[in-house]
>>> print(open('protein17.txt').read())   # compact mmCIF, C-alpha atoms and all ligand atoms
# COMPACT_ATOMS: atom_id res chain seq x y z
CA MET W 159 26.47 200.97 47.76
CA ALA W 160 29.18 203.66 47.76
CA THR W 161 28.78 206.57 45.37
CA ILE W 162 31.92 208.44 44.38
CA GLY W 163 32.32 211.57 42.27
CA VAL W 164 35.65 212.23 40.53
CA VAL W 165 36.53 215.67 39.14
CA GLY W 166 39.12 215.35 36.34
CA ALA W 167 40.12 212.32 34.27
CA GLY W 168 43.92 212.51 34.54
CA ALA W 169 46.21 209.54 35.18
CA ALA W 170 45.76 209.81 38.96
CA ALA W 171 41.96 209.85 38.72
CA ALA W 172 42.06 206.86 36.37
CA ALA W 173 44.25 204.88 38.79
CA ALA W 174 42.02 205.73 41.77
CA THR W 175 38.87 204.77 39.83
CA PHE W 176 40.51 201.50 38.74
CA VAL W 177 41.35 200.53 42.35
CA VAL W 178 37.86 201.39 43.62
CA ASP W 179 36.17 199.46 40.83
CA GLU W 180 38.37 196.38 41.40
CA ALA W 181 37.75 196.29 45.15
CA LEU W 182 34.13 197.46 45.16
CA PRO W 183 32.53 196.38 41.89
CA ASP W 184 29.16 197.67 43.16
CA ALA W 185 30.50 201.16 43.83
CA ASP W 186 28.97 203.80 41.62
CA VAL W 187 31.77 206.04 40.26
CA THR W 188 31.02 209.12 38.13
CA VAL W 189 33.86 211.05 36.49
CA PHE W 190 33.66 214.66 35.21
CA GLU W 191 36.26 215.85 32.69
CA LYS W 192 36.29 219.37 31.32
CA SER W 193 38.05 218.43 28.06
CA GLY W 194 37.02 215.97 25.35
CA GLY W 195 39.87 213.54 26.13
CA LEU W 196 41.20 211.37 28.93
CA CYS W 197 44.60 211.42 30.68
CA GLY W 198 44.98 215.19 31.20
CA ARG W 199 48.57 216.40 30.85
CA ALA W 200 49.68 212.98 29.54
CA ALA W 201 48.11 214.05 26.26
CA THR W 202 48.20 212.62 22.74
CA ARG W 203 47.05 214.01 19.39
CA ARG W 204 46.88 212.52 15.93
CA HIS W 205 47.40 214.28 12.58
CA GLY W 206 47.26 212.11 9.46
CA ASP W 207 49.77 209.30 10.06
CA LEU W 208 51.37 211.14 12.98
CA THR W 209 50.76 210.32 16.65
CA TYR W 210 52.42 212.53 19.24
CA ASP W 211 52.52 213.03 22.97
CA TYR W 212 52.46 216.81 23.38
CA GLY W 213 52.30 217.03 27.20
CA ALA W 214 54.21 214.38 29.11
CA ASN W 215 56.73 212.70 26.82
CA TYR W 216 56.88 209.30 28.46
CA VAL W 217 56.25 207.46 31.70
CA LYS W 218 59.32 206.26 33.57
CA SER W 219 59.71 202.88 35.24
CA ASP W 220 60.81 204.46 38.53
CA SER W 221 57.89 203.04 40.50
CA GLU W 222 57.71 199.26 40.83
CA ARG W 223 53.96 199.41 41.41
CA VAL W 224 53.32 201.47 38.32
CA SER W 225 55.64 199.35 36.17
CA GLU W 226 53.74 196.26 37.30
CA LEU W 227 50.45 197.99 36.54
CA LEU W 228 51.54 198.90 33.00
CA THR W 229 53.32 195.67 32.07
CA GLU W 230 51.34 193.01 33.95
CA THR W 231 47.96 194.19 35.22
CA LEU W 232 47.00 196.12 32.11
CA ASP W 233 47.28 194.83 28.58
CA ASP W 234 50.84 195.81 27.50
CA ASP W 235 50.01 195.43 23.82
CA GLY W 236 51.32 198.54 22.06
CA LEU W 237 53.61 199.64 24.91
CA VAL W 238 56.73 201.18 23.34
CA ASP W 239 60.06 201.88 25.01
CA VAL W 240 62.37 204.71 23.96
CA THR W 241 65.89 203.35 24.23
CA GLU W 242 67.94 206.22 22.78
CA ARG W 243 69.77 208.46 25.21
CA ILE W 244 68.93 211.98 26.43
CA ASN W 245 71.74 214.49 25.97
CA THR W 246 72.03 217.86 27.66
CA PHE W 247 72.56 221.46 26.54
CA ASP W 248 73.49 224.60 28.38
CA GLU W 249 72.54 228.28 28.32
CA SER W 250 74.61 228.79 25.14
CA GLY W 251 72.92 225.86 23.40
CA GLU W 252 76.02 223.65 23.49
CA VAL W 253 75.13 219.95 23.51
CA THR W 254 76.95 217.47 25.76
CA GLU W 255 76.50 213.72 25.88
CA GLY W 256 74.19 212.73 28.74
CA ARG W 257 74.18 209.74 31.03
CA GLU W 258 73.63 206.21 29.81
CA PRO W 259 69.88 205.60 29.63
CA ASP W 260 68.59 204.06 32.87
CA GLY W 261 65.18 202.44 33.21
CA HIS W 262 62.35 202.53 30.71
CA LYS W 263 60.77 205.51 28.98
CA TRP W 264 57.36 204.20 27.97
CA SER W 265 54.59 205.42 25.75
CA TYR W 266 52.17 203.48 23.55
CA ARG W 267 51.94 203.18 19.79
CA GLN W 268 48.63 205.04 20.19
CA GLY W 269 50.15 207.49 22.69
CA LEU W 270 50.24 208.05 26.42
CA THR W 271 46.48 208.64 26.74
CA GLN W 272 46.22 204.84 26.54
CA ILE W 273 47.05 204.77 30.24
CA ALA W 274 43.81 206.45 31.34
CA LYS W 275 41.82 204.87 28.52
CA ARG W 276 42.89 201.38 29.58
CA LEU W 277 42.40 202.05 33.31
CA PHE W 278 38.94 203.60 32.91
CA GLY W 279 38.12 200.97 30.28
CA ARG W 280 38.44 198.26 32.94
CA THR W 281 35.79 199.93 35.11
CA ASP W 282 32.06 200.64 34.99
CA ALA W 283 32.64 204.30 35.77
CA GLU W 284 30.35 206.74 34.02
CA ILE W 285 32.43 209.45 32.36
CA HIS W 286 31.00 212.87 31.51
CA ARG W 287 33.36 214.56 29.05
CA ARG W 288 33.24 218.28 28.26
CA THR W 289 31.81 218.80 31.73
CA ARG W 290 33.62 221.43 33.76
CA ILE W 291 32.77 221.36 37.44
CA GLU W 292 32.41 224.83 38.90
CA THR W 293 30.90 224.36 42.36
CA LEU W 294 31.29 221.80 45.15
CA ARG W 295 28.54 221.53 47.74
CA ARG W 296 28.58 219.73 51.08
CA GLY W 297 25.10 218.63 52.20
CA ASP W 298 23.75 218.46 55.78
CA ASP W 299 23.70 214.68 55.32
CA GLU W 300 27.48 214.75 54.78
CA THR W 301 27.29 213.98 51.07
CA TRP W 302 28.85 215.96 48.22
CA THR W 303 27.18 217.42 45.15
CA VAL W 304 28.98 218.99 42.19
CA VAL W 305 27.60 221.55 39.76
CA ASP W 306 28.92 222.10 36.23
CA THR W 307 29.24 225.35 34.29
CA ASP W 308 25.77 224.80 32.75
CA GLY W 309 24.27 224.71 36.25
CA GLU W 310 23.61 220.97 36.16
CA ALA W 311 24.00 219.29 39.56
CA TYR W 312 25.30 215.73 40.02
CA GLY W 313 25.28 213.59 43.15
CA PRO W 314 24.90 213.07 46.02
CA PHE W 315 28.25 211.36 46.47
CA ASP W 316 29.57 209.73 49.65
CA ALA W 317 33.07 210.80 48.63
CA LEU W 318 34.54 213.26 46.16
CA VAL W 319 37.95 212.99 44.45
CA LEU W 320 39.62 216.16 43.12
CA ASN W 321 42.24 215.64 40.39
CA PRO W 322 42.76 219.06 38.69
CA PRO W 323 46.21 220.72 39.03
CA ALA W 324 46.58 222.43 42.43
CA PRO W 325 45.72 226.00 41.26
CA GLN W 326 42.46 224.76 39.70
CA THR W 327 41.65 222.61 42.73
CA ALA W 328 42.27 225.64 44.97
CA GLU W 329 39.80 227.61 42.85
CA LEU W 330 37.14 224.91 43.30
CA LEU W 331 37.75 224.82 47.05
CA ARG W 332 37.54 228.61 47.43
CA SER W 333 34.07 228.68 45.91
CA ALA W 334 32.90 225.47 47.65
CA GLU W 335 29.66 225.66 49.61
CA TRP W 336 31.17 223.89 52.58
CA GLU W 337 31.34 225.00 56.22
CA SER W 338 34.24 223.29 57.96
CA PRO W 339 37.32 224.17 60.02
CA VAL W 340 39.22 222.01 57.51
CA LYS W 341 38.40 224.25 54.57
CA GLU W 342 40.76 227.24 54.99
CA PRO W 343 43.90 225.22 55.87
CA LEU W 344 43.13 222.98 52.89
CA ILE W 345 42.79 225.94 50.51
CA ASP W 346 46.10 227.36 51.81
CA ALA W 347 47.90 224.03 51.41
CA VAL W 348 46.64 223.52 47.86
CA ALA W 349 47.12 227.14 46.73
CA ASP W 350 50.72 227.05 48.02
CA VAL W 351 51.82 224.43 45.47
CA PRO W 352 53.91 226.28 42.85
CA PHE W 353 53.29 225.28 39.23
CA ARG W 354 55.50 226.01 36.22
CA THR W 355 54.11 226.98 32.81
CA VAL W 356 55.26 225.28 29.60
CA TRP W 357 54.55 226.37 26.00
CA THR W 358 54.98 223.44 23.60
CA ALA W 359 55.67 223.52 19.85
CA VAL W 360 55.35 220.39 17.71
CA LEU W 361 57.42 220.61 14.52
CA HIS W 362 57.13 218.28 11.53
CA TYR W 363 59.74 217.82 8.78
CA PRO W 364 59.43 215.73 5.61
CA PHE W 365 62.90 214.25 6.11
CA GLU W 366 64.69 212.02 8.60
CA LEU W 367 67.16 213.34 11.16
CA ASP W 368 70.32 211.37 11.71
CA LEU W 369 70.88 212.06 15.41
CA PRO W 370 72.30 209.80 18.14
CA TYR W 371 69.77 210.84 20.81
CA TYR W 372 66.04 210.84 21.62
CA GLY W 373 66.01 214.06 23.57
CA LEU W 374 67.92 217.12 24.68
CA VAL W 375 67.38 218.67 28.10
CA ASN W 376 68.61 222.05 29.27
CA THR W 377 70.25 221.33 32.61
CA ASP W 378 71.13 224.87 33.75
CA LYS W 379 67.54 226.03 33.08
CA ASP W 380 68.88 229.27 31.60
CA HIS W 381 68.03 228.57 27.95
CA GLU W 382 64.66 229.68 26.51
CA VAL W 383 64.15 226.06 25.44
CA GLY W 384 63.89 223.46 28.19
CA TRP W 385 63.44 220.28 26.19
CA ILE W 386 63.56 218.90 22.63
CA SER W 387 62.59 215.33 21.74
CA ARG W 388 62.03 213.17 18.70
CA GLU W 389 58.66 211.42 18.46
CA GLU W 390 60.08 209.15 15.72
CA CYS W 391 61.93 207.28 18.49
CA LYS W 392 58.51 205.94 19.61
CA ALA W 393 57.45 203.05 17.39
CA GLY W 394 54.31 203.81 15.44
CA HIS W 395 54.34 207.59 15.97
CA VAL W 396 56.04 208.92 12.82
CA PRO W 397 56.22 207.37 9.34
CA ASP W 398 59.69 206.46 8.01
CA GLY W 399 61.43 209.31 6.26
CA GLU W 400 59.84 212.02 8.45
CA SER W 401 60.65 213.73 11.75
CA LEU W 402 58.49 215.20 14.49
CA LEU W 403 60.07 217.28 17.22
CA VAL W 404 58.40 218.23 20.50
CA VAL W 405 59.94 221.45 21.80
CA GLN W 406 59.12 222.81 25.25
CA ALA W 407 60.00 226.37 26.21
CA ASN W 408 61.18 227.11 29.74
CA HIS W 409 58.88 228.64 32.38
CA GLU W 410 59.94 232.27 31.96
CA TRP W 411 59.67 232.23 28.15
CA SER W 412 56.34 230.36 28.34
CA VAL W 413 54.80 232.90 30.72
CA GLU W 414 56.09 235.86 28.68
CA HIS W 415 54.80 234.50 25.36
CA TYR W 416 51.74 232.57 26.57
CA ASP W 417 49.21 234.79 24.80
CA ASP W 418 51.34 235.70 21.77
CA ASP W 419 50.49 234.62 18.23
CA PRO W 420 51.12 230.82 18.20
CA ALA W 421 52.71 231.02 14.72
CA ALA W 422 55.29 233.53 15.97
CA ASN W 423 56.01 231.34 19.01
CA VAL W 424 56.47 228.29 16.77
CA ASP W 425 58.88 230.26 14.53
CA ALA W 426 60.92 231.40 17.53
CA LEU W 427 61.14 227.90 19.02
CA ALA W 428 61.98 226.37 15.61
CA ALA W 429 64.84 228.87 15.26
CA HIS W 430 66.17 227.94 18.72
CA THR W 431 65.83 224.25 17.86
CA ALA W 432 67.80 224.64 14.62
CA GLU W 433 70.60 226.35 16.52
CA ILE W 434 70.75 223.83 19.38
CA VAL W 435 70.53 220.75 17.13
CA GLY W 436 72.87 222.37 14.60
CA ASP W 437 70.67 221.91 11.53
CA GLU W 438 69.51 225.03 9.65
CA ARG W 439 66.67 223.10 7.97
CA LEU W 440 64.83 222.92 11.30
CA THR W 441 63.92 226.62 11.14
CA ALA W 442 61.23 225.72 8.58
CA PRO W 443 58.86 222.92 9.62
CA ASP W 444 56.34 222.00 6.93
CA TRP W 445 53.63 221.51 9.56
CA SER W 446 53.34 222.44 13.23
CA ASP W 447 51.06 222.31 16.23
CA SER W 448 51.24 223.94 19.65
CA GLN W 449 49.84 223.91 23.15
CA GLY W 450 50.15 226.20 26.14
CA TRP W 451 50.18 224.43 29.50
CA ARG W 452 49.46 227.12 32.08
CA TYR W 453 49.62 224.60 34.92
CA ALA W 454 52.24 222.20 33.62
CA LEU W 455 54.59 221.06 36.36
CA PRO W 456 54.27 221.26 40.15
CA ASP W 457 57.60 222.18 41.72
CA GLU W 458 56.77 220.53 45.02
CA GLY W 459 54.02 218.60 46.78
CA ALA W 460 51.20 219.89 48.98
CA LEU W 461 51.41 219.83 52.79
CA ALA W 462 49.95 216.46 53.79
CA GLY W 463 48.15 217.42 57.05
CA PRO W 464 45.27 219.47 55.60
CA LEU W 465 44.79 216.92 52.78
CA ASP W 466 44.50 214.13 55.37
CA SER W 467 41.96 216.15 57.41
CA ALA W 468 39.83 216.71 54.31
CA ARG W 469 39.63 212.93 53.78
CA GLU W 470 37.80 212.70 57.12
CA GLU W 471 35.07 214.71 55.38
CA GLY W 472 35.01 212.54 52.29
CA LEU W 473 37.14 214.88 50.16
CA TYR W 474 40.20 213.33 48.50
CA CYS W 475 42.82 215.17 46.42
CA THR W 476 44.92 213.18 43.98
CA GLY W 477 47.56 213.97 41.37
CA ASP W 478 51.26 214.58 40.80
CA TRP W 479 51.10 217.60 43.12
CA VAL W 480 49.80 215.37 45.93
CA GLY W 481 52.46 212.74 45.21
CA GLY W 482 55.10 215.48 45.18
CA GLU W 483 56.69 215.32 41.69
CA ALA W 484 55.69 216.31 38.15
CA ARG W 485 55.72 212.78 36.76
CA VAL W 486 53.11 210.48 35.32
CA HIS W 487 54.26 207.55 37.44
CA VAL W 488 53.98 209.70 40.58
CA ALA W 489 50.42 210.72 39.62
CA LEU W 490 49.54 207.07 38.97
CA GLU W 491 51.07 205.89 42.22
CA ASN W 492 49.20 208.58 44.14
CA GLY W 493 45.97 207.60 42.40
CA LEU W 494 46.48 203.96 43.43
CA GLU W 495 47.04 205.04 47.05
CA VAL W 496 44.04 207.35 47.11
CA GLY W 497 41.89 204.60 45.60
CA GLU W 498 42.98 202.27 48.40
CA GLU W 499 42.19 204.88 51.03
CA LEU W 500 38.73 205.28 49.55
CA VAL W 501 38.17 201.54 49.76
CA PHE W 502 39.95 200.53 52.95
CA GLY W 503 40.22 203.83 54.86
CA ARG W 504 43.49 204.99 56.36
C1 LIG X 601 54.60 219.87 28.87
C2 LIG X 601 54.66 218.77 29.89
C3 LIG X 601 55.69 217.83 29.85
C4 LIG X 601 55.74 216.79 30.77
N1 LIG X 601 56.69 215.82 30.65
C5 LIG X 601 56.63 214.72 31.44
C6 LIG X 601 57.44 213.59 31.17
O1 LIG X 601 58.17 213.54 30.17
N2 LIG X 601 57.36 212.52 32.01
C7 LIG X 601 56.52 212.51 33.08
O2 LIG X 601 56.46 211.51 33.81
N3 LIG X 601 55.70 213.56 33.33
C8 LIG X 601 55.73 214.65 32.54
N4 LIG X 601 54.86 215.69 32.74
C9 LIG X 601 54.00 215.68 33.92
C10 LIG X 601 52.81 214.75 33.78
O3 LIG X 601 52.08 215.09 32.61
C11 LIG X 601 51.90 214.91 34.99
O4 LIG X 601 52.67 214.70 36.17
C12 LIG X 601 50.72 213.95 35.03
O5 LIG X 601 50.15 213.75 33.76
C13 LIG X 601 49.70 214.52 36.00
O6 LIG X 601 48.55 213.71 36.07
P1 LIG X 601 47.39 214.12 37.07
O7 LIG X 601 46.40 213.01 37.08
O8 LIG X 601 47.99 214.51 38.39
O9 LIG X 601 46.73 215.48 36.53
P2 LIG X 601 46.22 215.98 35.10
O10 LIG X 601 46.82 215.17 34.03
O11 LIG X 601 46.44 217.45 35.09
O12 LIG X 601 44.64 215.67 35.13
C14 LIG X 601 43.70 216.56 35.69
C15 LIG X 601 42.44 216.54 34.85
O13 LIG X 601 41.46 217.40 35.46
C16 LIG X 601 40.74 218.06 34.44
N5 LIG X 601 40.09 219.22 35.06
C17 LIG X 601 40.67 220.35 35.54
N6 LIG X 601 39.74 221.17 36.07
C18 LIG X 601 38.54 220.55 35.92
C19 LIG X 601 37.20 220.89 36.28
N7 LIG X 601 36.90 222.04 36.91
N8 LIG X 601 36.19 220.02 35.95
C20 LIG X 601 36.46 218.85 35.30
N9 LIG X 601 37.73 218.48 34.95
C21 LIG X 601 38.75 219.31 35.26
C22 LIG X 601 41.81 218.39 33.41
O14 LIG X 601 41.26 218.65 32.13
C23 LIG X 601 42.65 217.10 33.44
O15 LIG X 601 42.19 216.15 32.49
C24 LIG X 601 54.77 216.72 31.81
C25 LIG X 601 53.74 217.67 31.85
C26 LIG X 601 53.67 218.67 30.89
C27 LIG X 601 52.52 219.63 30.90
>>> encode(input="protein17.txt", output="structure tokens")
Amino acid sequence: MATIGVVGAGAAAAAATFVVDEALPDADVTVFEKSGGLCGRAATRRHGDLTYDYGANYVKSDSERVSELLTETLDDDGLVDVTERINTFDESGEVTEGREPDGHKWSYRQGLTQIAKRLFGRTDAEIHRRTRIETLRRGDDETWTVVDTDGEAYGPFDALVLNPPAPQTAELLRSAEWESPVKEPLIDAVADVPFRTVWTAVLHYPFELDLPYYGLVNTDKDHEVGWISREECKAGHVPDGESLLVVQANHEWSVEHYDDDPAANVDALAAHTAEIVGDERLTAPDWSDSQGWRYALPDEGALAGPLDSAREEGLYCTGDWVGGEARVHVALENGLEVGEELVFGR
């Protein structure tokens, strides 16, 4: 019976686990997730009657495989499609009508975390939440063991899947107790993946906004705000008569203000939002939330060669940064591929 350890419970890890469990029902898969939730950066919170995706905003239908997974393989009950358009704004905050919407922009009534919840829910995988893996160990018998921050060891595993964002995976690899010519090139390849930082403000208003769009994206990347979207465009997320805006600052602003007082950051982003949308009332949300994403968006993918060599030693990386684009569907597609490699080999 194959034993597989999975570090991280993001969308890619969920897809890989799903494939392994379908093909090898006897495989013994154990997942370790440092946070209390599933689905990583495709993250959802609830507050009273509000449901909001505060990391990824939606999953696109750009991958046929992933669309089939979400609409046919998995239960599509509660899948919601945002049909309103996305307009653009420039450095000065001037809004211009964007392209006609193409393809789907999916979430769920209960939020994007449903993706990992439904995928893992179809498997027998054992999931350890609030378990941060700190050390990876390669045994003489060519198995892997992982150790968490409390010093608890888990394993041995025939194969190990690493799903954290590249900078965190690089950290795990640097401290790995593993002698191999593959190790240094792998660390270099993973550490080379550049990640952008995003600071997110979630702004609630006790009134409706009469706007012709779902979102606004800054196309020249010179505005402090990179993205504004309306959660009320997702069925089931916001009660009638209210509005909930998700506002993402650009990389430079997010890095500069990452450790500032969250309330001051929210005020600053609400002021920008009011100016861009052209509605003074938006300076004063009646409730807000926030999240800093230090490792939000990979700008490119990792070099494939070292990742392939690591697989020969039972070590598999998976995620958007392996697939090469900061998108949920890319992470899912990569997870499906990595799951197949685990089952069928290359
Ligand atoms: C602000 C923001 C907006 C975005 N907008 C969109 C969008 O609109 N559309 C879109 O398609 N994509 C968007 N993305 C990108 C999308 O969220 C990601 O591409 C996708 O969720 C990545 O999934 P993943 O499985 O590769 O990794 P992750 O979701 O990062 O999962 C990795 C998991 O590993 C866990 N972990 C890390 N270290 C450890 C450790 N040592 N031990 C145990 N667990 C660990 C983490 O907690 C996490 O759960 C956005 C991302 C952000 C942050």
>>> residues_around(input="protein17.txt", residues="Cys391 (chain W)", least_positions_apart="5", cutoff="9 Å", atoms="all atoms listed in the file", output="PDB file with C-alpha atoms, keeping the file's coordinate frame")
ATOM      1  CA  ASP W 239      60.060 201.880  25.010  1.00  0.00           C
ATOM      2  CA  VAL W 240      62.370 204.710  23.960  1.00  0.00           C
ATOM      3  CA  THR W 241      65.890 203.350  24.230  1.00  0.00           C
ATOM      4  CA  GLU W 242      67.940 206.220  22.780  1.00  0.00           C
ATOM      5  CA  TYR W 371      69.770 210.840  20.810  1.00  0.00           C
ATOM      6  CA  TYR W 372      66.040 210.840  21.620  1.00  0.00           C
ATOM      7  CA  VAL W 396      56.040 208.920  12.820  1.00  0.00           C
TER       8      VAL W 396
END
>>> closest_residue(input="protein17.txt", among="W:Leu227, W:Ile345, W:Val238, W:Val319", to="Val178 (chain W)", atoms="all atoms listed in the file")
W:Val319
>>> axis_aligned_box(input="protein17.txt", around="ligand LIG 601 (chain X)", padding_each_side="3 Å", output="JSON")
{"center_x": 47.2, "center_y": 216.8, "center_z": 33.6, "size_x": 28.0, "size_y": 16.5, "size_z": 15.5}
>>> residues_near_point(input="protein17.txt", point="(27.2, 216.5, 54.9)", cutoff="12 Å", atoms="only C-alpha atoms", output="MDAnalysis selection string")
chainID W and resid 294:303 314:318 335:338 470:473
>>> atom_distance(input="protein17.txt", atom1="CA of Trp445 (chain W)", atom2="CA of His395 (chain W)")
15.3 Å
>>> residues_around(input="protein17.txt", residues="Thr307 (chain W)", least_positions_apart="3", cutoff="7 Å", atoms="all atoms listed in the file", output="ChimeraX atom specification")
/W:290-292
>>> residues_around(input="protein17.txt", residues="Gln406 (chain W)", least_positions_apart="3", cutoff="8 Å", atoms="only C-alpha atoms", output="list in words")
Val356, Trp357, Thr358, Ala359, Val383, Gly384, Trp385 and Ile386 of chain W
>>> atom_distance(input="protein17.txt", atom1="CA of Ala311 (chain W)", atom2="CA of Pro323 (chain W)")
22.3 Å
>>> atom_distance(input="protein17.txt", atom1="atom N3 of ligand LIG 601 (chain X)", atom2="CA of Asn376 (chain W)")
16.0 Å
>>> closest_atom_pairs(input="protein17.txt", of="region 405-436 of chain W", to="region 252-273 of chain W", cutoff="12 Å", atoms="all atoms listed in the file", output="tab-separated table")
residue	atom	partner	partner_atom	distance
W:His430	CA	W:Glu252	CA	11.8
W:Thr431	CA	W:Glu252	CA	11.7
W:Glu433	CA	W:Glu252	CA	9.2
W:Ile434	CA	W:Glu252	CA	6.7
W:Val435	CA	W:Val253	CA	7.9
W:Gly436	CA	W:Val253	CA	9.5
>>> write_last_selection(input="protein17.txt", atoms="C-alpha atoms", output="JSON list (two decimals), in the frame of the given file")
[["chain", "number", "residue", "atom", "x", "y", "z"],
["W", 430, "HIS", "CA", 66.17, 227.94, 18.72],
["W", 431, "THR", "CA", 65.83, 224.25, 17.86],
["W", 433, "GLU", "CA", 70.60, 226.35, 16.52],
["W", 434, "ILE", "CA", 70.75, 223.83, 19.38],
["W", 435, "VAL", "CA", 70.53, 220.75, 17.13],
["W", 436, "GLY", "CA", 72.87, 222.37, 14.60]]
>>> closest_residue(input="protein17.txt", among="W:Gly450, W:Gly194, W:Pro443, W:Gly166", to="Ala407 (chain W)", atoms="only C-alpha atoms")
W:Gly450
>>> residues_near_point(input="protein17.txt", point="(59.4, 225.7, 15.5)", cutoff="9 Å", atoms="all atoms listed in the file", output="count of residues only")
23
>>> closest_residue(input="protein17.txt", among="W:Arg485, W:Lys392, W:His415, W:Arg469", to="Asp211 (chain W)", atoms="all atoms listed in the file")
W:Lys392
>>> closest_residue(input="protein17.txt", among="W:Leu228, W:Leu490, W:Leu331, W:Val375", to="Ile244 (chain W)", atoms="only C-alpha atoms")
W:Val375
>>> closest_residue(input="protein17.txt", among="W:Asp478, W:Asp179, W:Glu222, W:Glu410", to="Thr355 (chain W)", atoms="only C-alpha atoms")
W:Glu410
>>> closest_residue(input="protein17.txt", among="W:Val340, W:Gly482, W:Leu369, W:Ala454", to="Glu390 (chain W)", atoms="only C-alpha atoms")
W:Leu369
>>> build_atoms(input="protein17.txt", residues="region 416-434 of chain W", atoms="N, CA and C atoms", output="PDB file, in the frame of the given file")
ATOM      1  N   TYR W 416      52.908 233.461  26.495  1.00  0.00           N
ATOM      2  CA  TYR W 416      51.740 232.570  26.570  1.00  0.00           C
ATOM      3  C   TYR W 416      50.613 233.006  25.630  1.00  0.00           C
ATOM      4  N   ASP W 417      50.345 234.315  25.596  1.00  0.00           N
ATOM      5  CA  ASP W 417      49.210 234.790  24.800  1.00  0.00           C
ATOM      6  C   ASP W 417      49.629 235.382  23.452  1.00  0.00           C
ATOM      7  N   ASP W 418      50.895 235.191  23.072  1.00  0.00           N
ATOM      8  CA  ASP W 418      51.340 235.700  21.770  1.00  0.00           C
ATOM      9  C   ASP W 418      50.769 234.856  20.631  1.00  0.00           C
ATOM     10  N   ASP W 419      50.920 235.356  19.417  1.00  0.00           N
ATOM     11  CA  ASP W 419      50.490 234.620  18.230  1.00  0.00           C
ATOM     12  C   ASP W 419      51.208 233.260  18.198  1.00  0.00           C
ATOM     13  N   PRO W 420      50.468 232.147  18.187  1.00  0.00           N
ATOM     14  CA  PRO W 420      51.120 230.820  18.200  1.00  0.00           C
ATOM     15  C   PRO W 420      52.111 230.644  17.053  1.00  0.00           C
ATOM     16  N   ALA W 421      51.802 231.198  15.870  1.00  0.00           N
ATOM     17  CA  ALA W 421      52.710 231.020  14.720  1.00  0.00           C
ATOM     18  C   ALA W 421      54.058 231.687  15.003  1.00  0.00           C
ATOM     19  N   ALA W 422      54.028 232.846  15.643  1.00  0.00           N
ATOM     20  CA  ALA W 422      55.290 233.530  15.970  1.00  0.00           C
ATOM     21  C   ALA W 422      56.064 232.732  17.015  1.00  0.00           C
ATOM     22  N   ASN W 423      55.342 232.166  17.995  1.00  0.00           N
ATOM     23  CA  ASN W 423      56.010 231.340  19.010  1.00  0.00           C
ATOM     24  C   ASN W 423      56.658 230.104  18.376  1.00  0.00           C
ATOM     25  N   VAL W 424      55.933 229.482  17.443  1.00  0.00           N
ATOM     26  CA  VAL W 424      56.470 228.290  16.770  1.00  0.00           C
ATOM     27  C   VAL W 424      57.739 228.676  16.002  1.00  0.00           C
ATOM     28  N   ASP W 425      57.700 229.803  15.284  1.00  0.00           N
ATOM     29  CA  ASP W 425      58.880 230.260  14.530  1.00  0.00           C
ATOM     30  C   ASP W 425      60.075 230.467  15.459  1.00  0.00           C
ATOM     31  N   ALA W 426      59.823 231.113  16.593  1.00  0.00           N
ATOM     32  CA  ALA W 426      60.920 231.400  17.530  1.00  0.00           C
ATOM     33  C   ALA W 426      61.498 230.102  18.080  1.00  0.00           C
ATOM     34  N   LEU W 427      60.635 229.156  18.442  1.00  0.00           N
ATOM     35  CA  LEU W 427      61.140 227.900  19.020  1.00  0.00           C
ATOM     36  C   LEU W 427      61.811 227.037  17.958  1.00  0.00           C
ATOM     37  N   ALA W 428      61.326 227.124  16.705  1.00  0.00           N
ATOM     38  CA  ALA W 428      61.980 226.370  15.610  1.00  0.00           C
ATOM     39  C   ALA W 428      63.383 226.939  15.369  1.00  0.00           C
ATOM     40  N   ALA W 429      63.517 228.252  15.456  1.00  0.00           N
ATOM     41  CA  ALA W 429      64.840 228.870  15.260  1.00  0.00           C
ATOM     42  C   ALA W 429      65.803 228.422  16.354  1.00  0.00           C
ATOM     43  N   HIS W 430      65.321 228.428  17.614  1.00  0.00           N
ATOM     44  CA  HIS W 430      66.170 227.940  18.720  1.00  0.00           C
ATOM     45  C   HIS W 430      66.572 226.490  18.492  1.00  0.00           C
ATOM     46  N   THR W 431      65.595 225.692  18.059  1.00  0.00           N
ATOM     47  CA  THR W 431      65.830 224.250  17.860  1.00  0.00           C
ATOM     48  C   THR W 431      66.918 224.035  16.812  1.00  0.00           C
ATOM     49  N   ALA W 432      66.819 224.777  15.706  1.00  0.00           N
ATOM     50  CA  ALA W 432      67.800 224.640  14.620  1.00  0.00           C
ATOM     51  C   ALA W 432      69.212 224.935  15.156  1.00  0.00           C
ATOM     52  N   GLU W 433      69.287 225.964  16.002  1.00  0.00           N
ATOM     53  CA  GLU W 433      70.600 226.350  16.520  1.00  0.00           C
ATOM     54  C   GLU W 433      71.149 225.299  17.491  1.00  0.00           C
ATOM     55  N   ILE W 434      70.280 224.805  18.374  1.00  0.00           N
ATOM     56  CA  ILE W 434      70.750 223.830  19.380  1.00  0.00           C
ATOM     57  C   ILE W 434      71.144 222.515  18.695  1.00  0.00           C
TER      58      ILE W 434
END
